[in-house]
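J.: Pasting a structure below so you can have a look.
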Amino acid sequence: MASAPALAELREVCQPHAKLESRNGEHWAGRLYMRRISLHTTRQLVRTRVTPDALTWTMVVCGIASGFALLIPGLTGALLAAVLFQLFLLFDCVDGEVARWKGQNSATGIYVDRLGAYLADAALMIGAGWRAANGGSDLWVSAGLAAALGIVLLKASTDLVDVARARRGLPVADDESTRPRSTGLASARRLASALKIHRITNGIEASLVLLAVAVADAAVGSLEPTRIAVLAIMVITWAMVVAHLTSILSSSRLR
């Protein structure tokens with residue numbers, strides 16, 4: 001087996017500065033801690049025959065499994081879901097790093113990566129709805145499904161910008177083009193960004209929130225905290241859908 005490459009060399013190739021610094025290109029948890037962990041994992045994996053696509057599919061499995069984990073009652077299920085989402089994030093970092101080092105970037109990998117993001121976040125909220133219902137009212141299942149649908153629409157509305165630009169023969173939109181042309185909308189967007197409310201629609205943050213409310217469930221002896229959280233995520237998600245679509249249509253992304 002070949003010797004492991006030096007971390008400095010690996011970082012230069014696998015973690016390009018432009019990607020890590022892009023506002024839309026890197027999750028805050030990646031910058032904060034996961035890229036440090038992923039580089040050590042990548043250092044070992046590049047010595048093997050494992051392919052980037054195999055790692056991407058592993059990421060997808062971890063994400064979907066997090067939703068099923070929430071069907072396990074009590075803290076165990078919520079903790080397992082949060083751990084699985086951390087693994088989802090790890091493999092989301094590692095697959096791209098291995099692809100850059102081995103020169104095995106592919107359209108299939110990009111497609112499966114995006115598909116995995118859709119499925120993982122949706123599965124988590126569907127699982128949260130079933131967890132909140134606990135065999136009772138279908139209201140909670142419906143709330144989880146509604147949140148999942150909203151999250152998928154959020155992701156799709158972003159990806160469809162690239163589809164529309166590509167079909168129009170335009171280059172990929174940069175960060176500057178995402179700014180709303182309206183001063184009022186720009187101010188509202190800055191406020192929302194400062195409050196970080198939008199992060200709850202991401203599976204990483206949502207899994208941690210669901211873990212926190214599972215602790216609250218145990219403390220109060222009921223599922224009311226989880227039910228409140230599911231409803232809150234649903235409401236925030238759909239508010240974000242409206243805001244996001246308005247932001248896209250009022251910016252220069254489609255021009």
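In the structure tokens, the first chain shown is A, the next is B, and so on; residue numbers restart at 1 for each chain, and ligands run from 1 in the order shown.
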Please extract the residues of segment 29-121 of chain A with a backbone DSSP assignment of alpha helix (DSSP H) and present them as a PyMOL selection string.

T.: chain A and resi 29+35-45+52-69+74-102+107-121

J.: Can I get the residues of segment 103-128 of chain A within 10 Å of segment 199-205 of chain A, each with the closest pair of atoms and their distance in Å to one decimal, using only C-alpha atoms, sorted chain first then ascending number, as JSON lines?

T.:
```
{"residue": "A:Ala117", "atom": "CA", "partner": "A:Gly203", "partner_atom": "CA", "distance": 8.6}
{"residue": "A:Tyr118", "atom": "CA", "partner": "A:Gly203", "partner_atom": "CA", "distance": 9.7}
{"residue": "A:Ala120", "atom": "CA", "partner": "A:Gly203", "partner_atom": "CA", "distance": 7.1}
{"residue": "A:Asp121", "atom": "CA", "partner": "A:Gly203", "partner_atom": "CA", "distance": 4.8}
{"residue": "A:Ala122", "atom": "CA", "partner": "A:Gly203", "partner_atom": "CA", "distance": 8.2}
{"residue": "A:Ala123", "atom": "CA", "partner": "A:Gly203", "partner_atom": "CA", "distance": 9.2}
{"residue": "A:Leu124", "atom": "CA", "partner": "A:Gly203", "partner_atom": "CA", "distance": 6.8}
{"residue": "A:Met125", "atom": "CA", "partner": "A:Gly203", "partner_atom": "CA", "distance": 8.3}
```

J.: Just the selected residues (N, CA and C atoms), exported as a PDB file, in the first residue's frame, please.

T.:
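Done, and the output landed in part-v3.pdb:
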```pdb
ATOM      1  N   ALA A 117     -28.509  15.087  -0.415  1.00  0.00           N
ATOM      2  CA  ALA A 117     -28.880  16.220   0.431  1.00  0.00           C
ATOM      3  C   ALA A 117     -30.395  16.345   0.530  1.00  0.00           C
ATOM      4  N   TYR A 118     -31.082  16.148  -0.597  1.00  0.00           N
ATOM      5  CA  TYR A 118     -32.547  16.193  -0.599  1.00  0.00           C
ATOM      6  C   TYR A 118     -33.104  15.088   0.307  1.00  0.00           C
ATOM      7  N   ALA A 120     -31.713  13.137   2.625  1.00  0.00           N
ATOM      8  CA  ALA A 120     -31.334  13.128   4.038  1.00  0.00           C
ATOM      9  C   ALA A 120     -32.166  14.108   4.857  1.00  0.00           C
ATOM     10  N   ASP A 121     -32.249  15.353   4.378  1.00  0.00           N
ATOM     11  CA  ASP A 121     -33.012  16.357   5.127  1.00  0.00           C
ATOM     12  C   ASP A 121     -34.493  16.001   5.179  1.00  0.00           C
ATOM     13  N   ALA A 122     -35.022  15.503   4.075  1.00  0.00           N
ATOM     14  CA  ALA A 122     -36.435  15.107   4.053  1.00  0.00           C
ATOM     15  C   ALA A 122     -36.688  13.926   4.981  1.00  0.00           C
ATOM     16  N   ALA A 123     -35.799  12.930   4.942  1.00  0.00           N
ATOM     17  CA  ALA A 123     -35.971  11.739   5.790  1.00  0.00           C
ATOM     18  C   ALA A 123     -35.956  12.121   7.266  1.00  0.00           C
ATOM     19  N   LEU A 124     -35.092  13.051   7.634  1.00  0.00           N
ATOM     20  CA  LEU A 124     -35.012  13.466   9.040  1.00  0.00           C
ATOM     21  C   LEU A 124     -36.339  14.041   9.504  1.00  0.00           C
ATOM     22  N   MET A 125     -36.949  14.920   8.696  1.00  0.00           N
ATOM     23  CA  MET A 125     -38.197  15.548   9.109  1.00  0.00           C
ATOM     24  C   MET A 125     -39.371  14.580   9.070  1.00  0.00           C
TER      25      MET A 125
END
```

J.: Restricting the calculation to only C-alpha atoms, which member of A:Ser38, A:Gln44, A:Ser247, A:Thr51 is positioned closest to Ala6 of chain A?

T.: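 Among the listed residues, the smallest separation from Ala6 of chain A belongs to A:Gln44.
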
J.: Determine, using only C-alpha atoms, which residues of segment 81-168 of chain A have any atom at most 10 Å from an atom of segment 221-225 of chain A, and tabulate each with its shortest atom pair and distance in Å to one decimal place, rows ordered by chain and then rising number, as CSV.

T.:
```
residue,atom,partner,partner_atom,distance
A:Arg131,CA,A:Leu223,CA,8.5
A:Ala132,CA,A:Leu223,CA,6.3
A:Ala133,CA,A:Leu223,CA,8.6
A:Asn134,CA,A:Leu223,CA,8.4
```

J.: Report as an MDAnalysis selection string all protein, DNA and RNA residues lying within 10 Å of Val98 of chain A, evaluated on only C-alpha atoms, omitting residues in the same chain fewer than 3 positions from it.

T.: chainID A and resid 10 13:14 39 41:47 50:53 55 93:95 101:105

J.: Using atom CA of Cys62 of chain A and atom CA of Phe88 of chain A as the two end points, give the distance in Å to one decimal.

T.: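 A separation of 5.4 Å between them.
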
J.: What is the distance, in Å and to one decimal place, between atom CA of Ile197 of chain A and atom CA of Ala232 of chain A?

T.: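 One can read the atom CA of Ile197 of chain A to atom CA of Ala232 of chain A distance as 10.9 Å.
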
J.: Within 9 Å of Ala146 of chain A, counting only C-alpha atoms, which residues qualify if same-chain residues fewer than 6 places away don't, as a list in words?

T.: Met125, Ile126, Met234, Thr237 and Trp238 of chain A

J.: For the residues selected in the previous step, produce a file with all heavy atoms as a JSON list (two decimals), in the first residue's frame.

T.:
```
[["chain", "number", "residue", "atom", "x", "y", "z"],
["A", 125, "MET", "N", -36.95, 14.92, 8.70],
["A", 125, "MET", "CA", -38.20, 15.55, 9.11],
["A", 125, "MET", "C", -39.37, 14.58, 9.07],
["A", 125, "MET", "O", -40.28, 14.66, 9.91],
["A", 125, "MET", "CB", -38.48, 16.77, 8.24],
["A", 125, "MET", "CG", -37.52, 17.92, 8.47],
["A", 125, "MET", "SD", -37.20, 18.26, 10.25],
["A", 125, "MET", "CE", -38.87, 18.47, 10.90],
["A", 126, "ILE", "N", -39.36, 13.66, 8.12],
["A", 126, "ILE", "CA", -40.41, 12.63, 8.10],
["A", 126, "ILE", "C", -40.30, 11.77, 9.36],
["A", 126, "ILE", "O", -41.30, 11.47, 10.02],
["A", 126, "ILE", "CB", -40.32, 11.78, 6.83],
["A", 126, "ILE", "CG1", -40.65, 12.63, 5.60],
["A", 126, "ILE", "CG2", -41.26, 10.58, 6.92],
["A", 126, "ILE", "CD1", -40.37, 11.95, 4.28],
["A", 234, "MET", "N", -41.63, 23.31, 10.64],
["A", 234, "MET", "CA", -42.53, 23.38, 9.49],
["A", 234, "MET", "C", -42.87, 24.83, 9.15],
["A", 234, "MET", "O", -42.79, 25.24, 7.98],
["A", 234, "MET", "CB", -43.81, 22.61, 9.77],
["A", 234, "MET", "CG", -44.80, 22.61, 8.61],
["A", 234, "MET", "SD", -46.47, 22.04, 9.09],
["A", 234, "MET", "CE", -47.01, 23.43, 10.11],
["A", 237, "THR", "N", -39.80, 26.69, 7.86],
["A", 237, "THR", "CA", -39.44, 26.21, 6.52],
["A", 237, "THR", "C", -40.29, 26.86, 5.45],
["A", 237, "THR", "O", -39.77, 27.35, 4.43],
["A", 237, "THR", "CB", -39.58, 24.68, 6.45],
["A", 237, "THR", "OG1", -38.66, 24.07, 7.35],
["A", 237, "THR", "CG2", -39.29, 24.18, 5.04],
["A", 238, "TRP", "N", -41.60, 26.90, 5.66],
["A", 238, "TRP", "CA", -42.46, 27.47, 4.63],
["A", 238, "TRP", "C", -42.34, 28.98, 4.54],
["A", 238, "TRP", "O", -42.49, 29.56, 3.45],
["A", 238, "TRP", "CB", -43.91, 27.02, 4.85],
["A", 238, "TRP", "CG", -44.08, 25.63, 4.30],
["A", 238, "TRP", "CD1", -44.03, 24.46, 4.99],
["A", 238, "TRP", "CD2", -44.26, 25.29, 2.93],
["A", 238, "TRP", "NE1", -44.18, 23.39, 4.14],
["A", 238, "TRP", "CE2", -44.33, 23.86, 2.87],
["A", 238, "TRP", "CE3", -44.37, 26.02, 1.76],
["A", 238, "TRP", "CZ2", -44.49, 23.17, 1.67],
["A", 238, "TRP", "CZ3", -44.56, 25.33, 0.55],
["A", 238, "TRP", "CH2", -44.61, 23.93, 0.52]]
```

J.: Excluding Ala54 of chain A and its own-chain neighbours fewer than 5 positions away, which residues fall within 12 Å of it when counting only C-alpha atoms? Please give them as a list in words.

T.: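 Non-adjacent residues within range: Leu45, Arg49, Met59, Val60, Val61, Phe91, Asp92, Val94, Asp95, Gly96, Val98, Ala99, Gln104, Thr108, Gly109, Val112 and Asp113 of chain A.
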
J.: Check the smallest atom-to-atom distance from each of A:Ala229, A:Val172, A:Leu149, A:Val163 to Asp217 of chain A using only C-alpha atoms, then report the winner.

T.: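 Checking each candidate against Asp217 of chain A, we get A:Ala229 as the closest.
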
J.: Between atom CA of Val215 of chain A and atom CA of Leu75 of chain A, what is the distance, to one decimal in Å?

T.: 6.6 Å

J.: For each of A:Arg167, A:Leu153, A:Leu79, A:Ala147, take the minimum atom-to-atom distance to Val242 of chain A, counting only C-alpha atoms, then give the residue where this is smallest.

T.: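 So, comparing all the options, the nearest one is A:Leu153.
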